[in-house]
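One file, model_12.cif, carrying mmCIF, C-alpha atoms:
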data_my_file
loop_
_atom_site.group_PDB
_atom_site.id
_atom_site.type_symbol
_atom_site.label_atom_id
_atom_site.label_comp_id
_atom_site.auth_asym_id
_atom_site.auth_seq_id
_atom_site.Cartn_x
_atom_site.Cartn_y
_atom_site.Cartn_z
ATOM 1 C CA MET H 1255 10.426 -7.592 4.283
ATOM 2 C CA GLU H 1256 9.143 -4.187 5.312
ATOM 3 C CA ILE H 1257 5.603 -2.889 5.284
ATOM 4 C CA LEU H 1258 5.029 -0.709 2.218
ATOM 5 C CA GLN H 1259 1.982 1.396 3.064
ATOM 6 C CA LEU H 1260 -0.736 1.497 0.427
ATOM 7 C CA ARG H 1261 -0.012 3.872 -2.427
ATOM 8 C CA THR H 1262 -2.713 4.772 -4.930
ATOM 9 C CA ASN H 1263 -2.363 6.345 -8.340
ATOM 10 C CA LEU H 1264 -5.772 7.984 -8.599
ATOM 11 C CA TYR H 1265 -5.083 9.252 -12.093
ATOM 12 C CA HIS H 1266 -4.156 5.822 -13.435
ATOM 13 C CA GLN H 1267 -6.439 6.252 -16.463
ATOM 14 C CA MET H 1268 -4.631 9.348 -17.690
ATOM 15 C CA GLY H 1269 -1.841 7.305 -19.305
ATOM 16 C CA GLU H 1270 -3.674 6.980 -22.607
ATOM 17 C CA HIS H 1271 -0.503 6.098 -24.503
ATOM 18 C CA ILE H 1272 0.292 3.235 -22.118
ATOM 19 C CA PRO H 1273 -1.588 -0.062 -22.558
ATOM 20 C CA PHE H 1274 -1.832 -0.751 -18.803
ATOM 21 C CA SER H 1275 -1.075 1.214 -15.660
ATOM 22 C CA VAL H 1276 -0.696 0.644 -11.930
ATOM 23 C CA TYR H 1277 -3.577 1.638 -9.660
ATOM 24 C CA THR H 1278 -2.586 0.487 -6.132
ATOM 25 C CA VAL H 1279 0.520 -1.139 -4.660
ATOM 26 C CA GLY H 1280 1.916 -2.063 -1.240
ATOM 27 C CA THR H 1281 2.397 -4.775 1.369
ATOM 28 C CA GLU H 1282 0.510 -5.469 4.595
ATOM 29 C CA ASN H 1283 -0.651 -8.003 7.130
ATOM 30 C CA GLN H 1284 -3.883 -8.780 5.342
ATOM 31 C CA GLN H 1285 -7.157 -8.641 7.251
ATOM 32 C CA ALA H 1286 -10.507 -10.173 6.337
ATOM 33 C CA MET H 1287 -12.171 -8.499 3.368
ATOM 34 C CA THR H 1288 -15.501 -8.958 1.601
ATOM 35 C CA ARG H 1289 -15.934 -7.268 -1.773
ATOM 36 C CA LEU H 1290 -19.549 -7.628 -2.811
ATOM 37 C CA LYS H 1291 -18.945 -6.242 -6.289
ATOM 38 C CA GLY H 1292 -15.265 -6.990 -6.556
ATOM 39 C CA PHE H 1293 -12.505 -4.425 -6.978
ATOM 40 C CA SER H 1294 -12.420 -1.830 -9.737
ATOM 41 C CA ALA H 1295 -9.027 -2.988 -11.038
ATOM 42 C CA LYS H 1296 -7.320 -6.330 -11.669
ATOM 43 C CA GLN H 1297 -5.407 -7.488 -8.587
ATOM 44 C CA LEU H 1298 -2.253 -9.517 -8.014
ATOM 45 C CA PHE H 1299 -1.555 -10.793 -4.482
ATOM 46 C CA ILE H 1300 1.671 -12.464 -3.362
ATOM 47 C CA SER H 1301 1.363 -14.486 -0.179
ATOM 48 C CA PHE H 1302 4.825 -14.075 1.394
ATOM 49 C CA SER H 1303 4.110 -15.717 4.754
ATOM 50 C CA GLY H 1304 1.199 -17.005 6.793
ATOM 51 C CA LEU H 1305 -1.970 -18.476 5.361
ATOM 52 C CA GLY H 1306 -5.061 -16.975 3.804
ATOM 53 C CA ALA H 1307 -8.332 -18.275 2.411
ATOM 54 C CA PHE H 1308 -10.015 -17.022 -0.767
ATOM 55 C CA ARG H 1309 -13.304 -17.707 -2.486
ATOM 56 C CA SER H 1310 -15.570 -16.341 -5.162
ATOM 57 C CA LEU H 1311 -18.896 -15.172 -3.741
ATOM 58 C CA GLN H 1312 -20.514 -17.249 -6.471
ATOM 59 C CA HIS H 1313 -19.199 -20.469 -4.926
ATOM 60 C CA ASN H 1314 -19.125 -22.070 -1.484
ATOM 61 C CA GLU H 1315 -15.651 -23.610 -1.671
ATOM 62 C CA TRP H 1316 -12.658 -21.840 -0.168
ATOM 63 C CA ASP H 1317 -9.046 -22.161 -1.332
ATOM 64 C CA ILE H 1318 -6.001 -21.827 0.893
ATOM 65 C CA LEU H 1319 -3.275 -19.360 -0.127
ATOM 66 C CA THR H 1320 -0.013 -20.822 1.122
ATOM 67 C CA PRO H 1321 3.309 -18.913 1.380
ATOM 68 C CA HIS H 1322 5.050 -18.182 -1.914
ATOM 69 C CA THR H 1323 1.943 -18.266 -4.055
ATOM 70 C CA LEU H 1324 0.434 -15.621 -6.276
ATOM 71 C CA LEU H 1325 -3.297 -15.009 -6.568
ATOM 72 C CA TYR H 1326 -4.805 -13.159 -9.511
ATOM 73 C CA ILE H 1327 -8.310 -11.658 -9.092
ATOM 74 C CA PRO H 1328 -10.105 -10.116 -12.101
ATOM 75 C CA SER H 1329 -11.707 -6.699 -11.801
ATOM 76 C CA GLU H 1330 -15.325 -6.497 -10.630
ATOM 77 C CA TYR H 1331 -15.157 -10.123 -9.464
ATOM 78 C CA PRO H 1332 -17.159 -10.579 -6.213
ATOM 79 C CA HIS H 1333 -14.957 -12.316 -3.663
ATOM 80 C CA GLU H 1334 -13.735 -12.462 -0.101
ATOM 81 C CA TYR H 1335 -10.599 -13.513 1.717
ATOM 82 C CA LEU H 1336 -9.460 -13.840 5.305
ATOM 83 C CA PRO H 1337 -6.292 -14.785 7.219
ATOM 84 C CA GLN H 1338 -5.876 -18.259 8.698
ATOM 85 C CA GLY H 1339 -3.963 -19.558 11.719
ATOM 86 C CA ASP H 1340 -1.887 -17.772 14.332
ATOM 87 C CA GLU H 1341 0.788 -16.223 12.085
ATOM 88 C CA PRO H 1342 -0.025 -12.894 10.361
ATOM 89 C CA TRP H 1343 -0.848 -13.268 6.679
ATOM 90 C CA PHE H 1344 1.767 -11.013 5.065
ATOM 91 C CA VAL H 1345 1.012 -10.173 1.438
ATOM 92 C CA GLY H 1346 2.178 -7.894 -1.325
ATOM 93 C CA PHE H 1347 -0.313 -6.496 -3.791
ATOM 94 C CA VAL H 1348 -0.477 -4.519 -6.985
ATOM 95 C CA SER H 1349 -3.587 -3.712 -8.980
ATOM 96 C CA PHE H 1350 -3.668 -2.481 -12.550
ATOM 97 C CA VAL H 1351 -5.969 -1.163 -15.240
ATOM 98 C CA ASP H 1352 -5.970 -2.256 -18.870
ATOM 99 C CA ASN H 1353 -6.504 0.717 -21.144
ATOM 100 C CA GLN H 1354 -7.022 -1.636 -24.071
ATOM 101 C CA ASP H 1355 -6.672 -5.316 -24.957
ATOM 102 C CA THR H 1356 -3.049 -6.114 -24.203
ATOM 103 C CA LEU H 1357 -0.385 -8.747 -24.004
ATOM 104 C CA LEU H 1358 -1.334 -9.326 -20.370
ATOM 105 C CA GLU H 1359 -4.702 -10.708 -21.473
ATOM 106 C CA SER H 1360 -2.913 -13.360 -23.525
ATOM 107 C CA TRP H 1361 -0.811 -14.231 -20.453
ATOM 108 C CA GLY H 1362 -3.941 -15.223 -18.571
ATOM 109 C CA PHE H 1363 -4.854 -11.991 -16.785
ATOM 110 C CA GLY H 1364 -8.420 -12.111 -17.997
ATOM 111 C CA ASP H 1365 -11.776 -12.941 -16.440
ATOM 112 C CA SER H 1366 -10.834 -15.951 -14.269
ATOM 113 C CA PRO H 1367 -8.904 -15.980 -10.972
ATOM 114 C CA PHE H 1368 -5.946 -18.310 -10.566
ATOM 115 C CA GLN H 1369 -2.970 -19.189 -8.373
ATOM 116 C CA ILE H 1370 0.597 -20.033 -9.327
ATOM 117 C CA GLN H 1371 3.435 -21.336 -7.179
ATOM 118 C CA LEU H 1372 6.470 -19.040 -6.883
ATOM 119 C CA HIS H 1373 10.088 -20.143 -6.489
ATOM 120 C CA ASN H 1374 11.662 -16.681 -6.088
ATOM 121 C CA PRO H 1375 9.244 -14.381 -4.211
ATOM 122 C CA GLN H 1376 12.134 -12.170 -3.062
ATOM 123 C CA LYS H 1377 12.750 -11.016 -6.643
ATOM 124 C CA LEU H 1378 9.080 -10.174 -7.031
ATOM 125 C CA TYR H 1379 9.201 -8.239 -3.762
ATOM 126 C CA ARG H 1380 12.110 -6.149 -5.088
ATOM 127 C CA LEU H 1381 10.171 -5.351 -8.254
ATOM 128 C CA LEU H 1382 7.080 -4.570 -6.190
ATOM 129 C CA LYS H 1383 9.099 -2.092 -4.147
ATOM 130 C CA LYS H 1384 10.314 -0.383 -7.318
ATOM 131 C CA ILE H 1385 6.713 -0.034 -8.494
ATOM 132 C CA TRP H 1386 5.876 1.378 -5.055
ATOM 133 C CA ASN H 1387 8.755 3.883 -5.266
ATOM 134 C CA TYR H 1388 7.220 5.403 -8.398
ATOM 135 C CA SER H 1389 3.626 5.418 -7.103
ATOM 136 C CA GLY H 1390 1.572 7.627 -4.824
ATOM 137 C CA PRO H 1391 3.228 11.001 -4.120
ATOM 138 C CA HIS H 1392 6.092 10.082 -6.462
ATOM 139 C CA TYR H 1393 3.869 8.772 -9.246
ATOM 140 C CA ASP H 1394 5.652 8.337 -12.547
ATOM 141 C CA VAL H 1395 3.401 6.545 -14.996
ATOM 142 C CA TRP H 1396 6.242 5.465 -17.278
ATOM 143 C CA HIS H 1397 8.559 4.087 -14.601
ATOM 144 C CA SER H 1398 5.773 2.418 -12.597
ATOM 145 C CA THR H 1399 4.457 0.756 -15.754
ATOM 146 C CA GLU H 1400 7.953 -0.311 -16.784
ATOM 147 C CA TYR H 1401 8.580 -2.053 -13.470
ATOM 148 C CA PHE H 1402 5.085 -3.507 -13.438
ATOM 149 C CA PHE H 1403 5.703 -5.071 -16.841
ATOM 150 C CA SER H 1404 8.970 -6.498 -15.468
ATOM 151 C CA PHE H 1405 6.967 -7.841 -12.515
ATOM 152 C CA CYS H 1406 4.516 -9.612 -14.855
ATOM 153 C CA LEU H 1407 7.349 -10.922 -17.011
ATOM 154 C CA GLU H 1408 8.989 -12.414 -13.912
ATOM 155 C CA LEU H 1409 5.672 -14.028 -12.986
ATOM 156 C CA LYS H 1410 5.450 -15.582 -16.420
ATOM 157 C CA LYS H 1411 9.034 -16.807 -16.122
ATOM 158 C CA GLN H 1412 8.398 -18.428 -12.741
ATOM 159 C CA ALA H 1413 5.161 -19.975 -14.000
ATOM 160 C CA ALA H 1414 7.048 -21.395 -16.998
ATOM 161 C CA SER H 1415 9.616 -22.978 -14.678
ATOM 162 C CA ASN H 1416 6.706 -24.911 -13.177
ATOM 163 C CA ASN H 1417 6.146 -26.411 -16.635
ATOM 164 C CA THR H 1418 3.247 -24.037 -17.202
ATOM 165 C CA LYS H 1419 2.885 -22.388 -20.585
ATOM 166 C CA LYS H 1420 0.827 -19.546 -19.126
ATOM 167 C CA PRO H 1421 -1.044 -18.870 -15.897
ATOM 168 C CA ASN H 1422 -4.186 -20.816 -16.666
ATOM 169 C CA PRO H 1423 -6.780 -21.622 -13.998
ATOM 170 C CA GLU H 1424 -7.178 -25.194 -15.238
ATOM 171 C CA LYS H 1425 -3.535 -26.103 -15.933
ATOM 172 C CA ALA H 1426 -1.324 -23.897 -13.798
ATOM 173 C CA ILE H 1427 -2.924 -24.348 -10.431
ATOM 174 C CA ARG H 1428 -3.357 -27.077 -7.890
ATOM 175 C CA LEU H 1429 -5.715 -25.644 -5.328
ATOM 176 C CA VAL H 1430 -5.516 -26.637 -1.676
ATOM 177 C CA ARG H 1431 -8.971 -26.885 -0.167
ATOM 178 C CA TYR H 1432 -10.086 -24.869 2.868
ATOM 179 C CA ARG H 1433 -9.334 -26.531 6.201
ATOM 180 C CA ASP H 1434 -12.380 -27.822 7.980
ATOM 181 C CA SER H 1435 -11.467 -26.864 11.553
ATOM 182 C CA VAL H 1436 -13.961 -25.642 14.122
ATOM 183 C CA VAL H 1437 -12.947 -21.973 13.901
ATOM 184 C CA ASP H 1438 -12.735 -22.105 10.096
ATOM 185 C CA SER H 1439 -16.212 -23.606 9.860
ATOM 186 C CA ALA H 1440 -17.700 -21.098 12.283
ATOM 187 C CA ALA H 1441 -16.018 -18.143 10.546
ATOM 188 C CA ARG H 1442 -17.245 -19.384 7.170
ATOM 189 C CA PHE H 1443 -20.786 -19.599 8.550
ATOM 190 C CA LEU H 1444 -20.567 -16.030 9.858
ATOM 191 C CA HIS H 1445 -19.369 -14.748 6.473
ATOM 192 C CA ASP H 1446 -22.175 -16.608 4.746
ATOM 193 C CA HIS H 1447 -24.915 -15.297 7.029
ATOM 194 C CA LEU H 1448 -24.142 -11.669 7.852
ATOM 195 C CA GLN H 1449 -27.809 -10.751 7.611
ATOM 196 C CA ARG H 1450 -29.016 -13.333 10.142
ATOM 197 C CA ASP H 1451 -29.814 -12.495 13.754
ATOM 198 C CA LEU H 1452 -27.224 -14.955 15.049
ATOM 199 C CA THR H 1453 -26.737 -15.933 18.680
ATOM 200 C CA MET H 1454 -23.749 -17.638 20.251
ATOM 201 C CA ALA H 1455 -25.976 -20.586 21.121
ATOM 202 C CA GLU H 1456 -27.017 -21.031 17.468
ATOM 203 C CA LEU H 1457 -23.462 -20.698 16.159
ATOM 204 C CA SER H 1458 -22.098 -23.094 18.784
ATOM 205 C CA ALA H 1459 -24.801 -25.654 18.021
ATOM 206 C CA ARG H 1460 -23.938 -25.583 14.322
ATOM 207 C CA VAL H 1461 -20.293 -26.487 14.961
ATOM 208 C CA GLY H 1462 -20.979 -28.873 17.837
ATOM 209 C CA TYR H 1463 -19.174 -26.969 20.611
ATOM 210 C CA SER H 1464 -20.325 -25.115 23.696
ATOM 211 C CA SER H 1465 -20.349 -21.318 23.630
ATOM 212 C CA LYS H 1466 -17.514 -21.243 26.164
ATOM 213 C CA GLN H 1467 -15.363 -23.624 24.095
ATOM 214 C CA LEU H 1468 -16.032 -21.731 20.865
ATOM 215 C CA ASN H 1469 -15.150 -18.419 22.499
ATOM 216 C CA ARG H 1470 -11.869 -19.875 23.719
ATOM 217 C CA LEU H 1471 -10.996 -21.337 20.296
ATOM 218 C CA PHE H 1472 -11.743 -18.047 18.522
ATOM 219 C CA GLN H 1473 -9.607 -16.126 21.008
ATOM 220 C CA GLN H 1474 -6.720 -18.535 20.511
ATOM 221 C CA SER H 1475 -6.940 -18.510 16.706
ATOM 222 C CA LEU H 1476 -8.089 -14.983 15.783
ATOM 223 C CA GLY H 1477 -7.661 -12.937 18.969
ATOM 224 C CA LEU H 1478 -11.375 -12.109 18.874
ATOM 225 C CA THR H 1479 -14.566 -13.589 20.225
ATOM 226 C CA PRO H 1480 -17.073 -14.830 17.628
ATOM 227 C CA LEU H 1481 -19.237 -11.778 18.320
ATOM 228 C CA GLN H 1482 -16.292 -9.404 17.842
ATOM 229 C CA TYR H 1483 -15.363 -11.190 14.640
ATOM 230 C CA LEU H 1484 -18.937 -10.915 13.354
ATOM 231 C CA HIS H 1485 -19.020 -7.193 14.151
ATOM 232 C CA LYS H 1486 -15.717 -6.740 12.322
ATOM 233 C CA ILE H 1487 -16.798 -8.360 9.072
ATOM 234 C CA ARG H 1488 -20.217 -6.688 9.232
ATOM 235 C CA LEU H 1489 -18.635 -3.246 9.547
ATOM 236 C CA GLN H 1490 -16.145 -3.982 6.756
ATOM 237 C CA THR H 1491 -19.009 -4.968 4.472
ATOM 238 C CA ALA H 1492 -21.018 -1.899 5.515
ATOM 239 C CA SER H 1493 -18.123 0.460 4.793
ATOM 240 C CA ARG H 1494 -17.859 -1.025 1.319
ATOM 241 C CA LEU H 1495 -21.573 -0.526 0.715
ATOM 242 C CA LEU H 1496 -21.338 3.091 1.886
ATOM 243 C CA GLU H 1497 -18.567 3.676 -0.644
ATOM 244 C CA GLU H 1498 -20.060 1.860 -3.607
ATOM 245 C CA GLN H 1499 -23.850 1.905 -3.160
ATOM 246 C CA PRO H 1500 -24.953 5.561 -2.847
ATOM 247 C CA ALA H 1501 -28.570 4.602 -3.539
ATOM 248 C CA MET H 1502 -28.753 2.448 -0.414
ATOM 249 C CA THR H 1503 -29.952 4.171 2.751
ATOM 250 C CA ILE H 1504 -28.174 3.759 6.080
ATOM 251 C CA ARG H 1505 -31.148 1.724 7.294
ATOM 252 C CA GLN H 1506 -30.891 -0.588 4.274
ATOM 253 C CA ILE H 1507 -27.153 -1.059 4.784
ATOM 254 C CA ALA H 1508 -27.675 -1.819 8.470
ATOM 255 C CA ALA H 1509 -30.297 -4.422 7.535
ATOM 256 C CA HIS H 1510 -28.002 -5.898 4.883
ATOM 257 C CA VAL H 1511 -25.369 -6.661 7.519
ATOM 258 C CA GLY H 1512 -27.915 -7.805 10.090
ATOM 259 C CA MET H 1513 -27.855 -4.866 12.506
ATOM 260 C CA GLU H 1514 -30.364 -2.439 13.993
ATOM 261 C CA PRO H 1515 -29.653 1.104 12.624
ATOM 262 C CA VAL H 1516 -28.905 2.886 15.922
ATOM 263 C CA TYR H 1517 -26.652 0.088 17.172
ATOM 264 C CA PHE H 1518 -24.991 -0.093 13.751
ATOM 265 C CA ALA H 1519 -24.244 3.654 13.803
ATOM 266 C CA ARG H 1520 -22.737 3.400 17.287
ATOM 267 C CA LEU H 1521 -20.448 0.496 16.396
ATOM 268 C CA PHE H 1522 -19.509 2.079 13.090
ATOM 269 C CA LYS H 1523 -18.426 5.305 14.823
ATOM 270 C CA ARG H 1524 -16.399 3.319 17.344
ATOM 271 C CA GLN H 1525 -14.582 1.526 14.500
ATOM 272 C CA TYR H 1526 -14.131 4.357 11.966
ATOM 273 C CA GLY H 1527 -14.296 7.477 14.119
ATOM 274 C CA MET H 1528 -17.447 8.867 12.465
ATOM 275 C CA ILE H 1529 -21.068 7.970 11.922
ATOM 276 C CA PRO H 1530 -22.050 6.266 8.625
ATOM 277 C CA THR H 1531 -23.555 9.425 7.073
ATOM 278 C CA ALA H 1532 -20.335 11.373 7.734
ATOM 279 C CA TYR H 1533 -18.247 8.501 6.343
ATOM 280 C CA ARG H 1534 -20.291 8.493 3.114
ATOM 281 C CA ALA H 1535 -20.065 12.300 2.844
ATOM 282 C CA GLN H 1536 -16.288 12.106 3.201
ATOM 283 C CA ILE H 1537 -16.073 9.545 0.404
ATOM 284 C CA ILE H 1538 -18.236 11.696 -1.869
ATOM 285 C CA ASN H 1539 -16.076 14.757 -1.154
ATOM 286 C CA GLN H 1540 -12.901 12.826 -1.892
ATOM 287 C CA TYR H 1541 -14.207 11.252 -5.094
ATOM 288 C CA PRO H 1542 -16.954 13.538 -6.435
ATOM 289 C CA LEU H 1543 -19.032 12.276 -9.329
ATOM 290 C CA VAL H 1544 -18.177 13.993 -12.603
#
Just dump the structure as structure tokens.
Amino acid sequence: MEILQLRTNLYHQMGEHIPFSVYTVGTENQQAMTRLKGFSAKQLFISFSGLGAFRSLQHNEWDILTPHTLLYIPSEYPHEYLPQGDEPWFVGFVSFVDNQDTLLESWGFGDSPFQIQLHNPQKLYRLLKKIWNYSGPHYDVWHSTEYFFSFCLELKKQAASNNTKKPNPEKAIRLVRYRDSVVDSAARFLHDHLQRDLTMAELSARVGYSSKQLNRLFQQSLGLTPLQYLHKIRLQTASRLLEEQPAMTIRQIAAHVGMEPVYFARLFKRQYGMIPTAYRAQIINQYPLV
């Protein structure tokens, strides 16, 4: 399966005669992501290969996303996910907007996340690619919506073959709990405590390993040291706050992710090629308030 770079239909709400429309679509090797206020559209993720972990920010328990599973995430649902293991976590995704109450609501695409097991992910990939072909620079609201409806219909068909009447979070899913390995536990602690002034000694003590051992395990599993991993998820969270929280100052955002403002600005520029104020200005220029 090829990488289908993210395509976005920024004018997804213009299809007033269509009950639902595609917002984003693509495939990628998924990286860690924390969405403090969720995503603005409903999301469907297909885990094609590798492993990922998902949780609601309202709960402490993580769920493993195994290959050939679909994850549905409601809009504006605070959550986070991150890859697991040595193999890249390759996923396909499509997000959509309901313009009104629709058939998709009755199929389970409502306010609760869920997983379903897939028996023919290749067919869903082909439909995903057709949606992608009619999105972005080649956006065609009618064709993209037509193939998206076919995509959802195929999901319903595959869910039904699992003796599931509809994708329901209590009946359709058997969740696999998050693995309790050393790296998983340490990474979970880092996600949970972004604001803390953490040291390697404190983190190592919490998981019962020496700093040297924990560094080696992180390098083997994630290709990063614990400190590099912490910086990564802090900057990802900060970039999201810059985009979605215009009332927060740079100093407040730095404090929210547990960093001193000057150091935060330096690391942010190294990661994103610009200082936080320039990043926010770019976002405002791209998506001005009406």
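Distances here use all atoms listed in the file; by that measure, the residue among H:Arg1534, H:Arg1261, H:Lys1296, H:His1485 closest to Arg1520 of chain H is H:His1485.
Straight-line separation from atom CA of Val1395 of chain H to atom CA of Ser1275 of chain H: 7.0 Å.
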Inset, instruction - Please check which residues have atoms at most 12 Å from (-20.2, -6.9, -1.5) in the file's coordinates, counting only C-alpha atoms, and write them as a PyMOL selection string. - result: chain H and resi 1287-1293+1310-1312+1330-1334+1445-1446+1448+1487-1499+1507+1510-1511
Exercise on segment 1458-1477 of chain H, axis-aligned box with 3 Å per side, report centre and edge lengths in Å to one decimal, as lines of an AutoDock Vina configuration file:
center_x = -15.8
center_y = -20.9
center_z = 20.2
size_x = 24.1
size_y = 21.9
size_z = 17.8
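Rounded to one decimal, atom CA of Pro1375 of chain H and atom CA of Val1345 of chain H lie 10.8 Å from each other.
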